[in-house]
Amino acid sequence: MNKYRYEEISAEIALNITEGRLKPGHKLPSVRSLKQQYRAGLSTIQKAYELLIILGLVESIPKSGYYVALAKGWHNGSQISVPSQIRLRDELFRNNLQAITTSLDPFQRHRTSEFNVATPDDTFIPQRMILRSMQEVIREKGTKILRYYPPNGSEPLKDHITKRAALNHGNFDADGLIITDGALQAFYIALVSVTSPGDAVAIESPCVFSMLQVLRALKLRIVEIPVLDPEGFDLDFLEETMKTIPIKAIALTPNFHNPTGFLMSDENKFRLLQIALAKDIPIIENDVYGDLNFNDQRPGNISSMDDSGLVMTFSSYSKTLASGIRLGWLFTGRFFKEAEQIKFSLGSSVSPVYQETMLKILATTSYERHIRNFRMKLASQCYQTMELISTSFPEKTLISVPKGGYSIWLKMDKSIDMTKFHDHCQEIGVRFTPGYTFSFSNAFEQYFRIVFAVKYTQQSVDVLKQAGMLAGNLK
């Protein structure tokens with residue numbers, strides 16, 4: 001039987017993908033380019049791409065184009081490794097702050113491509129919108145923004161946060177919200193509300209450095225729960241752990257976990273909730289990346305499944321707007337009284353300028369328009385990064401496939417000396433986040449994180465390629 005023209009075109013592209021000539025993350029030609037190349041109609045090319053999408057070989061990113069799909073299993077059949085046994089740790093954490101922050105030297109920062117800082121690039125920040133809103137607030141409010149605001153935050157702001165959450169299936173009550181000085185303060189308040197020094201807290205492994213530092217500062221014991229590909233928190237491991245260790249709280253990032261970018265399924269979110277309810281263990285969920293999904297549907301929160309008040313959810317606007325917007329929020333569940341007291345002890349109110357600026361932004365469609373644009377840019381950045389890695393790094397490099405967020409998690413072959421790798425990368429002008437910053441264990445010495453929330457320049461593309469070639473020469 002003769003094939004239709006679109007089937008012939010899709011078969012040719014599919015062959016290039018399956019035989020490795022087109023790598024995962026590779027951006028494919030536009031519909032108009034292929035129209036000229038194959039001398040076919042636009043509808044024929046669109047049908048060819050639609051067939052490739054159905055086959056799972058191609059993905060479409062709105063306003064960006066078509067890409068070779070980041071297919072599951074692009075890990076050479078291997079799974080991202082995790083701690084092999086329960087680790088209950090009290091030892092002091094090494095000072096890894098330098099590894100996750102930008103260079104203090106302006107000259108060095110200009111020369112270095114920093115893939116290690118999980119903040120949006122200046123080119124991705126809606127600067128005009130933020131500054132215009134801030135100027136309007138200063139002009140309209142005058143000296144009122146120089147006074148203390150309510151300790152738990154502006155009531156109109158909390159109402160807008162609650163209403164927006166409801167559109168995304170959030171089950172928040174404005175009376176149970178506390179406005180905080182960023183997400184980390186919210187996490188601190190949540191932990192102190194439900195734990196005491198010496199208590200054991202189940203935390204994802206790998207886990208972002210800043211959350212580990214809060215746990216350490218509060219003198220809490222840490223049980224590292226492996227994050228599995230692709231759905232996150234290992235619930236079987238958690239249940240086994242709870243048989244011997246009295247867990248007092250569970251902390252995790254179910255939506256686009258940092259550093260892997262994994263998304264916990266709704267089924268597993270519900271299962272985790274049932275595990276927690278059975279033992280009356282509070283869940284603290286970090287949702288700072290929840291708005292940064294690569295597909296069309298924003299994932300829900302565990303708290304939206306909970307009627308008991310056992311789940312606390314926190315987030316901020318530093319990952320979606322600008323890192324300097326020091327404003328977050330905490331949904332306190334049944335622990336409002338405890339959280340309110342702790343928040344007051346940390347300072348009576350968050351900056352009125354930030355609160356009024358966010359209120360003005362959320363009161364219009366500005367934030368939603370920005371988010372739609374930003375997450376499409378991130379998806380495109382992710383695909384470009386995956387393509388650069390697949391073509392430049394050694395074949396045995398294992399890599400996570402993020403569903404959203406900012407970061408990709410990679411593992412180098414054990415033959416590569418990671419200390420030399422990071423030192424040489426620094427010399428050529430590129431920085432990644434070493435894997436050892438994500439755990440109190442030594443489970444991630446061969447790992448590192450790449451943040452792709454930075455717009456690519458020719459310099460950053462070149463040094464990323466050089467880093468891959470460098471890794472290949474360190475064996």
# chains A, B, ... in the order shown; residues from 1 in each chain; ligands from 1
$ residues_around --residues "A:Gly435" --least-positions-apart "5" --cutoff "8 Å" --atoms "only C-alpha atoms" --output "PyMOL selection string"
chain A and resi 444-449
$ residues_around --residues "A:Lys377" --least-positions-apart "3" --cutoff "9 Å" --atoms "only C-alpha atoms" --output "compact mmCIF listing (two decimals) with all heavy atoms, in the first residue's frame"
# COMPACT_ATOMS: atom_id res chain seq x y z
N LYS A 63 5.01 28.26 20.86
CA LYS A 63 5.78 29.45 20.53
C LYS A 63 7.29 29.22 20.49
O LYS A 63 8.05 30.16 20.49
CB LYS A 63 5.45 30.59 21.52
CG LYS A 63 4.01 31.05 21.47
CD LYS A 63 3.79 32.25 22.38
CE LYS A 63 2.35 32.72 22.29
NZ LYS A 63 2.10 33.89 23.17
N SER A 64 7.69 27.97 20.47
CA SER A 64 9.12 27.67 20.41
C SER A 64 9.43 26.73 19.25
O SER A 64 10.42 26.91 18.55
CB SER A 64 9.60 27.05 21.72
OG SER A 64 10.96 26.74 21.66
N PHE A 124 15.14 36.90 31.64
CA PHE A 124 13.87 36.23 31.84
C PHE A 124 12.99 36.95 32.86
O PHE A 124 11.83 36.59 33.05
CB PHE A 124 14.07 34.79 32.31
CG PHE A 124 14.70 33.90 31.26
CD1 PHE A 124 15.42 32.77 31.63
CD2 PHE A 124 14.57 34.19 29.92
CE1 PHE A 124 16.00 31.95 30.67
CE2 PHE A 124 15.14 33.38 28.95
CZ PHE A 124 15.85 32.25 29.34
N ARG A 372 3.15 32.05 31.60
CA ARG A 372 2.98 31.29 30.34
C ARG A 372 4.20 31.47 29.45
O ARG A 372 4.71 30.51 28.87
CB ARG A 372 1.71 31.75 29.60
CG ARG A 372 0.43 31.25 30.20
CD ARG A 372 -0.72 31.40 29.22
NE ARG A 372 -0.97 32.80 28.89
CZ ARG A 372 -1.80 33.60 29.55
NH1 ARG A 372 -2.45 33.14 30.61
NH2 ARG A 372 -1.98 34.85 29.19
N ASN A 373 4.69 32.69 29.35
CA ASN A 373 5.85 32.98 28.52
C ASN A 373 7.13 32.38 29.11
O ASN A 373 7.94 31.77 28.40
CB ASN A 373 5.99 34.49 28.37
CG ASN A 373 7.11 34.90 27.43
OD1 ASN A 373 7.23 34.35 26.34
ND2 ASN A 373 7.92 35.84 27.86
N PHE A 374 7.28 32.52 30.42
CA PHE A 374 8.50 32.08 31.10
C PHE A 374 8.67 30.56 31.02
O PHE A 374 9.75 30.05 30.74
CB PHE A 374 8.48 32.56 32.54
CG PHE A 374 9.72 32.24 33.34
CD1 PHE A 374 10.98 32.24 32.74
CD2 PHE A 374 9.64 31.95 34.68
CE1 PHE A 374 12.12 31.95 33.48
CE2 PHE A 374 10.78 31.67 35.42
CZ PHE A 374 12.02 31.67 34.82
N SER A 380 12.16 25.45 26.30
CA SER A 380 13.07 25.56 25.18
C SER A 380 14.52 25.48 25.64
O SER A 380 15.35 24.80 25.02
CB SER A 380 12.82 26.89 24.44
OG SER A 380 13.72 27.03 23.37
N GLN A 381 14.83 26.18 26.76
CA GLN A 381 16.18 26.13 27.32
C GLN A 381 16.56 24.71 27.73
O GLN A 381 17.69 24.27 27.53
CB GLN A 381 16.24 27.03 28.56
CG GLN A 381 16.19 28.51 28.28
CD GLN A 381 17.52 29.04 27.79
OE1 GLN A 381 17.61 29.60 26.70
NE2 GLN A 381 18.56 28.87 28.56
N CYS A 382 15.59 23.99 28.31
CA CYS A 382 15.83 22.61 28.73
C CYS A 382 16.19 21.75 27.54
O CYS A 382 17.17 20.99 27.58
CB CYS A 382 14.59 22.06 29.44
SG CYS A 382 14.73 20.33 29.94
N ALA A 453 18.14 28.06 33.60
CA ALA A 453 17.33 29.28 33.65
C ALA A 453 18.15 30.50 33.25
O ALA A 453 17.89 31.61 33.70
CB ALA A 453 16.74 29.46 35.03
N LYS A 455 19.77 32.46 29.83
CA LYS A 455 19.71 32.53 28.38
C LYS A 455 21.08 32.24 27.79
O LYS A 455 22.09 32.78 28.22
CB LYS A 455 19.23 33.91 27.92
CG LYS A 455 18.98 34.00 26.42
CD LYS A 455 18.38 35.33 26.04
CE LYS A 455 18.11 35.39 24.54
NZ LYS A 455 17.51 36.67 24.14
$ closest_residue --among "A:Pro246, A:Gly142, A:Pro29, A:Pro226" --to "A:Asp280" --atoms "only C-alpha atoms"
A:Pro246
$ residues_around --residues "A:Pro24" --least-positions-apart "3" --cutoff "7 Å" --atoms "only C-alpha atoms" --output "ChimeraX atom specification"
/A:68-70,386-387
$ write_last_selection --atoms "N, CA and C atoms" --output "mmCIF file, in the first residue's frame"
data_model
loop_
_atom_site.group_PDB
_atom_site.id
_atom_site.type_symbol
_atom_site.label_atom_id
_atom_site.label_comp_id
_atom_site.auth_asym_id
_atom_site.auth_seq_id
_atom_site.Cartn_x
_atom_site.Cartn_y
_atom_site.Cartn_z
ATOM 1 N N VAL A 68 13.062 16.919 19.327
ATOM 2 C CA VAL A 68 13.151 15.476 19.535
ATOM 3 C C VAL A 68 12.823 15.202 20.995
ATOM 4 N N ALA A 69 11.905 14.283 21.243
ATOM 5 C CA ALA A 69 11.403 14.041 22.591
ATOM 6 C C ALA A 69 12.503 13.559 23.530
ATOM 7 N N LEU A 70 12.393 14.012 24.783
ATOM 8 C CA LEU A 70 13.293 13.537 25.837
ATOM 9 C C LEU A 70 12.715 12.252 26.382
ATOM 10 N N MET A 386 19.700 19.774 26.880
ATOM 11 C CA MET A 386 19.751 18.329 26.681
ATOM 12 C C MET A 386 20.489 17.980 25.390
ATOM 13 N N GLU A 387 20.254 18.778 24.358
ATOM 14 C CA GLU A 387 20.936 18.513 23.092
ATOM 15 C C GLU A 387 22.438 18.724 23.234
#
$ residues_around --residues "A:Leu273" --least-positions-apart "2" --cutoff "8 Å" --atoms "only C-alpha atoms" --output "list in words"
Lys269, Phe270, Arg271, Ile275, Ala276, Leu277, Ile283, Ile302, Met305 and Asp306 of chain A
$ select_by_dssp --residues "stretch 122-280 of chain A" --states "helix (DSSP H, G or I)" --output "VMD selection string"
chain A and resid 122 to 124 127 to 146 155 to 167 174 to 176 183 to 194 209 to 217 235 to 242 266 to 279
$ atom_distance --atom1 "atom CA of A:Ala48" --atom2 "atom CA of A:Arg32"
12.7 Å
$ residues_around --residues "A:Val461" --least-positions-apart "4" --cutoff "9 Å" --atoms "only C-alpha atoms" --output "NGL selection string"
:A and (385 or 388 or 456-457 or 465-466)
$ closest_atom_pairs --of "stretch 142-244 of chain A" --to "stretch 287-290 of chain A" --cutoff "12 Å" --atoms "only C-alpha atoms" --output "tab-separated table"
residue	atom	partner	partner_atom	distance
A:Ala165	CA	A:Gly290	CA	10.9
A:Asn168	CA	A:Gly290	CA	10.1
A:Gly170	CA	A:Asp287	CA	11.4
A:Gly182	CA	A:Val288	CA	9.9
A:Ala183	CA	A:Val288	CA	7.4
A:Leu184	CA	A:Val288	CA	10.2
A:Ala186	CA	A:Val288	CA	11.1
A:Phe187	CA	A:Asp287	CA	10.8
$ atom_distance --atom1 "atom CA of A:Met129" --atom2 "atom CA of A:Thr253"
28.7 Å
$ closest_residue --among "A:Val454, A:Ala467, A:Glu136, A:Asp462" --to "A:Asn116" --atoms "only C-alpha atoms"
A:Val454
$ atom_distance --atom1 "atom CA of A:Val201" --atom2 "atom CA of A:His257"
17.7 Å
$ residues_around --residues "A:Arg334" --least-positions-apart "4" --cutoff "12 Å" --atoms "only C-alpha atoms" --output "PyMOL selection string"
chain A and resi 172-173+175-177+190+193-194+280+282-283+303+306-313+338-340
$ decode --residues "stretch 381-431 of chain A" --atoms "N, CA and C atoms" --output "PDB file, in the first residue's frame"
ATOM      1  N   GLN A 381      14.829  26.176  26.762  1.00  0.00           N
ATOM      2  CA  GLN A 381      16.180  26.129  27.324  1.00  0.00           C
ATOM      3  C   GLN A 381      16.558  24.706  27.727  1.00  0.00           C
ATOM      4  N   CYS A 382      15.586  23.993  28.310  1.00  0.00           N
ATOM      5  CA  CYS A 382      15.829  22.615  28.734  1.00  0.00           C
ATOM      6  C   CYS A 382      16.188  21.748  27.539  1.00  0.00           C
ATOM      7  N   TYR A 383      15.443  21.871  26.465  1.00  0.00           N
ATOM      8  CA  TYR A 383      15.712  21.058  25.277  1.00  0.00           C
ATOM      9  C   TYR A 383      17.074  21.387  24.679  1.00  0.00           C
ATOM     10  N   GLN A 384      17.416  22.661  24.642  1.00  0.00           N
ATOM     11  CA  GLN A 384      18.714  23.047  24.105  1.00  0.00           C
ATOM     12  C   GLN A 384      19.842  22.487  24.968  1.00  0.00           C
ATOM     13  N   THR A 385      19.642  22.519  26.291  1.00  0.00           N
ATOM     14  CA  THR A 385      20.651  21.975  27.198  1.00  0.00           C
ATOM     15  C   THR A 385      20.815  20.480  27.011  1.00  0.00           C
ATOM     16  N   MET A 386      19.700  19.774  26.880  1.00  0.00           N
ATOM     17  CA  MET A 386      19.751  18.329  26.681  1.00  0.00           C
ATOM     18  C   MET A 386      20.489  17.980  25.390  1.00  0.00           C
ATOM     19  N   GLU A 387      20.254  18.778  24.358  1.00  0.00           N
ATOM     20  CA  GLU A 387      20.936  18.513  23.092  1.00  0.00           C
ATOM     21  C   GLU A 387      22.438  18.724  23.234  1.00  0.00           C
ATOM     22  N   LEU A 388      22.837  19.806  23.918  1.00  0.00           N
ATOM     23  CA  LEU A 388      24.253  20.090  24.116  1.00  0.00           C
ATOM     24  C   LEU A 388      24.927  18.984  24.924  1.00  0.00           C
ATOM     25  N   ILE A 389      24.212  18.497  25.949  1.00  0.00           N
ATOM     26  CA  ILE A 389      24.769  17.424  26.771  1.00  0.00           C
ATOM     27  C   ILE A 389      24.903  16.141  25.957  1.00  0.00           C
ATOM     28  N   SER A 390      23.861  15.815  25.201  1.00  0.00           N
ATOM     29  CA  SER A 390      23.863  14.547  24.461  1.00  0.00           C
ATOM     30  C   SER A 390      24.925  14.506  23.382  1.00  0.00           C
ATOM     31  N   THR A 391      25.290  15.679  22.869  1.00  0.00           N
ATOM     32  CA  THR A 391      26.279  15.706  21.791  1.00  0.00           C
ATOM     33  C   THR A 391      27.701  15.987  22.280  1.00  0.00           C
ATOM     34  N   SER A 392      27.850  16.503  23.509  1.00  0.00           N
ATOM     35  CA  SER A 392      29.171  16.945  23.971  1.00  0.00           C
ATOM     36  C   SER A 392      29.750  16.134  25.120  1.00  0.00           C
ATOM     37  N   PHE A 393      28.885  15.539  25.957  1.00  0.00           N
ATOM     38  CA  PHE A 393      29.380  14.825  27.131  1.00  0.00           C
ATOM     39  C   PHE A 393      29.592  13.342  26.807  1.00  0.00           C
ATOM     40  N   PRO A 394      30.409  12.644  27.622  1.00  0.00           N
ATOM     41  CA  PRO A 394      30.672  11.217  27.369  1.00  0.00           C
ATOM     42  C   PRO A 394      29.383  10.397  27.308  1.00  0.00           C
ATOM     43  N   GLU A 395      29.394   9.339  26.537  1.00  0.00           N
ATOM     44  CA  GLU A 395      28.199   8.517  26.314  1.00  0.00           C
ATOM     45  C   GLU A 395      27.649   7.913  27.598  1.00  0.00           C
ATOM     46  N   LYS A 396      28.515   7.614  28.560  1.00  0.00           N
ATOM     47  CA  LYS A 396      28.062   6.979  29.799  1.00  0.00           C
ATOM     48  C   LYS A 396      27.476   7.959  30.811  1.00  0.00           C
ATOM     49  N   THR A 397      27.372   9.224  30.438  1.00  0.00           N
ATOM     50  CA  THR A 397      26.763  10.211  31.330  1.00  0.00           C
ATOM     51  C   THR A 397      25.281   9.911  31.493  1.00  0.00           C
ATOM     52  N   LEU A 398      24.821   9.779  32.735  1.00  0.00           N
ATOM     53  CA  LEU A 398      23.404   9.564  33.022  1.00  0.00           C
ATOM     54  C   LEU A 398      22.747  10.908  33.297  1.00  0.00           C
ATOM     55  N   ILE A 399      21.500  11.009  32.916  1.00  0.00           N
ATOM     56  CA  ILE A 399      20.861  12.321  32.990  1.00  0.00           C
ATOM     57  C   ILE A 399      19.384  12.190  33.322  1.00  0.00           C
ATOM     58  N   SER A 400      18.882  13.102  34.167  1.00  0.00           N
ATOM     59  CA  SER A 400      17.456  13.124  34.479  1.00  0.00           C
ATOM     60  C   SER A 400      16.703  13.809  33.342  1.00  0.00           C
ATOM     61  N   VAL A 401      15.414  13.541  33.250  1.00  0.00           N
ATOM     62  CA  VAL A 401      14.573  14.186  32.238  1.00  0.00           C
ATOM     63  C   VAL A 401      13.534  15.024  32.977  1.00  0.00           C
ATOM     64  N   PRO A 402      13.800  16.321  33.170  1.00  0.00           N
ATOM     65  CA  PRO A 402      12.888  17.157  33.956  1.00  0.00           C
ATOM     66  C   PRO A 402      11.551  17.368  33.271  1.00  0.00           C
ATOM     67  N   LYS A 403      10.493  17.452  34.083  1.00  0.00           N
ATOM     68  CA  LYS A 403       9.146  17.739  33.579  1.00  0.00           C
ATOM     69  C   LYS A 403       8.787  19.220  33.766  1.00  0.00           C
ATOM     70  N   GLY A 404       9.694  19.956  34.423  1.00  0.00           N
ATOM     71  CA  GLY A 404       9.471  21.371  34.698  1.00  0.00           C
ATOM     72  C   GLY A 404      10.592  21.874  35.587  1.00  0.00           C
ATOM     73  N   GLY A 405      10.499  23.142  35.990  1.00  0.00           N
ATOM     74  CA  GLY A 405      11.497  23.696  36.882  1.00  0.00           C
ATOM     75  C   GLY A 405      12.706  24.241  36.145  1.00  0.00           C
ATOM     76  N   TYR A 406      13.879  24.172  36.820  1.00  0.00           N
ATOM     77  CA  TYR A 406      15.078  24.851  36.366  1.00  0.00           C
ATOM     78  C   TYR A 406      16.253  23.951  36.019  1.00  0.00           C
ATOM     79  N   SER A 407      16.237  22.697  36.508  1.00  0.00           N
ATOM     80  CA  SER A 407      17.515  21.985  36.579  1.00  0.00           C
ATOM     81  C   SER A 407      17.497  20.578  35.994  1.00  0.00           C
ATOM     82  N   ILE A 408      18.710  20.127  35.628  1.00  0.00           N
ATOM     83  CA  ILE A 408      18.969  18.777  35.141  1.00  0.00           C
ATOM     84  C   ILE A 408      20.016  18.159  36.061  1.00  0.00           C
ATOM     85  N   TRP A 409      19.852  16.893  36.364  1.00  0.00           N
ATOM     86  CA  TRP A 409      20.720  16.158  37.301  1.00  0.00           C
ATOM     87  C   TRP A 409      21.499  15.129  36.501  1.00  0.00           C
ATOM     88  N   LEU A 410      22.830  15.212  36.565  1.00  0.00           N
ATOM     89  CA  LEU A 410      23.677  14.333  35.769  1.00  0.00           C
ATOM     90  C   LEU A 410      24.603  13.513  36.648  1.00  0.00           C
ATOM     91  N   LYS A 411      24.951  12.325  36.151  1.00  0.00           N
ATOM     92  CA  LYS A 411      25.935  11.476  36.812  1.00  0.00           C
ATOM     93  C   LYS A 411      27.029  11.113  35.818  1.00  0.00           C
ATOM     94  N   MET A 412      28.275  11.316  36.259  1.00  0.00           N
ATOM     95  CA  MET A 412      29.425  10.951  35.436  1.00  0.00           C
ATOM     96  C   MET A 412      29.861   9.519  35.737  1.00  0.00           C
ATOM     97  N   ASP A 413      30.507   8.924  34.770  1.00  0.00           N
ATOM     98  CA  ASP A 413      31.072   7.593  34.962  1.00  0.00           C
ATOM     99  C   ASP A 413      32.066   7.616  36.127  1.00  0.00           C
ATOM    100  N   LYS A 414      32.132   6.509  36.869  1.00  0.00           N
ATOM    101  CA  LYS A 414      32.984   6.449  38.062  1.00  0.00           C
ATOM    102  C   LYS A 414      34.461   6.622  37.745  1.00  0.00           C
ATOM    103  N   SER A 415      34.831   6.488  36.485  1.00  0.00           N
ATOM    104  CA  SER A 415      36.241   6.641  36.105  1.00  0.00           C
ATOM    105  C   SER A 415      36.680   8.104  36.061  1.00  0.00           C
ATOM    106  N   ILE A 416      35.730   9.024  36.119  1.00  0.00           N
ATOM    107  CA  ILE A 416      36.042  10.448  36.008  1.00  0.00           C
ATOM    108  C   ILE A 416      36.279  11.048  37.393  1.00  0.00           C
ATOM    109  N   ASP A 417      37.372  11.729  37.572  1.00  0.00           N
ATOM    110  CA  ASP A 417      37.726  12.411  38.816  1.00  0.00           C
ATOM    111  C   ASP A 417      36.942  13.721  38.875  1.00  0.00           C
ATOM    112  N   MET A 418      35.904  13.763  39.743  1.00  0.00           N
ATOM    113  CA  MET A 418      35.012  14.913  39.757  1.00  0.00           C
ATOM    114  C   MET A 418      35.676  16.165  40.319  1.00  0.00           C
ATOM    115  N   THR A 419      36.621  16.002  41.224  1.00  0.00           N
ATOM    116  CA  THR A 419      37.335  17.171  41.737  1.00  0.00           C
ATOM    117  C   THR A 419      38.104  17.859  40.610  1.00  0.00           C
ATOM    118  N   LYS A 420      38.800  17.065  39.817  1.00  0.00           N
ATOM    119  CA  LYS A 420      39.508  17.623  38.668  1.00  0.00           C
ATOM    120  C   LYS A 420      38.541  18.234  37.662  1.00  0.00           C
ATOM    121  N   PHE A 421      37.399  17.568  37.468  1.00  0.00           N
ATOM    122  CA  PHE A 421      36.410  18.065  36.514  1.00  0.00           C
ATOM    123  C   PHE A 421      35.945  19.472  36.899  1.00  0.00           C
ATOM    124  N   HIS A 422      35.544  19.635  38.171  1.00  0.00           N
ATOM    125  CA  HIS A 422      35.052  20.948  38.602  1.00  0.00           C
ATOM    126  C   HIS A 422      36.168  21.991  38.597  1.00  0.00           C
ATOM    127  N   ASP A 423      37.370  21.600  38.963  1.00  0.00           N
ATOM    128  CA  ASP A 423      38.497  22.535  38.946  1.00  0.00           C
ATOM    129  C   ASP A 423      38.796  23.004  37.518  1.00  0.00           C
ATOM    130  N   HIS A 424      38.801  22.064  36.590  1.00  0.00           N
ATOM    131  CA  HIS A 424      39.077  22.418  35.194  1.00  0.00           C
ATOM    132  C   HIS A 424      37.939  23.262  34.606  1.00  0.00           C
ATOM    133  N   CYS A 425      36.717  22.945  34.999  1.00  0.00           N
ATOM    134  CA  CYS A 425      35.572  23.748  34.535  1.00  0.00           C
ATOM    135  C   CYS A 425      35.711  25.205  34.993  1.00  0.00           C
ATOM    136  N   GLN A 426      36.119  25.370  36.235  1.00  0.00           N
ATOM    137  CA  GLN A 426      36.344  26.719  36.758  1.00  0.00           C
ATOM    138  C   GLN A 426      37.394  27.449  35.912  1.00  0.00           C
ATOM    139  N   GLU A 427      38.421  26.732  35.517  1.00  0.00           N
ATOM    140  CA  GLU A 427      39.502  27.337  34.725  1.00  0.00           C
ATOM    141  C   GLU A 427      39.031  27.793  33.347  1.00  0.00           C
ATOM    142  N   ILE A 428      38.120  27.022  32.734  1.00  0.00           N
ATOM    143  CA  ILE A 428      37.654  27.399  31.391  1.00  0.00           C
ATOM    144  C   ILE A 428      36.461  28.350  31.445  1.00  0.00           C
ATOM    145  N   GLY A 429      35.962  28.628  32.666  1.00  0.00           N
ATOM    146  CA  GLY A 429      34.911  29.622  32.812  1.00  0.00           C
ATOM    147  C   GLY A 429      33.499  29.076  32.831  1.00  0.00           C
ATOM    148  N   VAL A 430      33.279  27.953  33.510  1.00  0.00           N
ATOM    149  CA  VAL A 430      31.928  27.405  33.652  1.00  0.00           C
ATOM    150  C   VAL A 430      31.795  26.770  35.033  1.00  0.00           C
ATOM    151  N   ARG A 431      30.639  26.981  35.670  1.00  0.00           N
ATOM    152  CA  ARG A 431      30.418  26.444  37.007  1.00  0.00           C
ATOM    153  C   ARG A 431      29.118  25.647  37.038  1.00  0.00           C
TER     154      ARG A 431
END
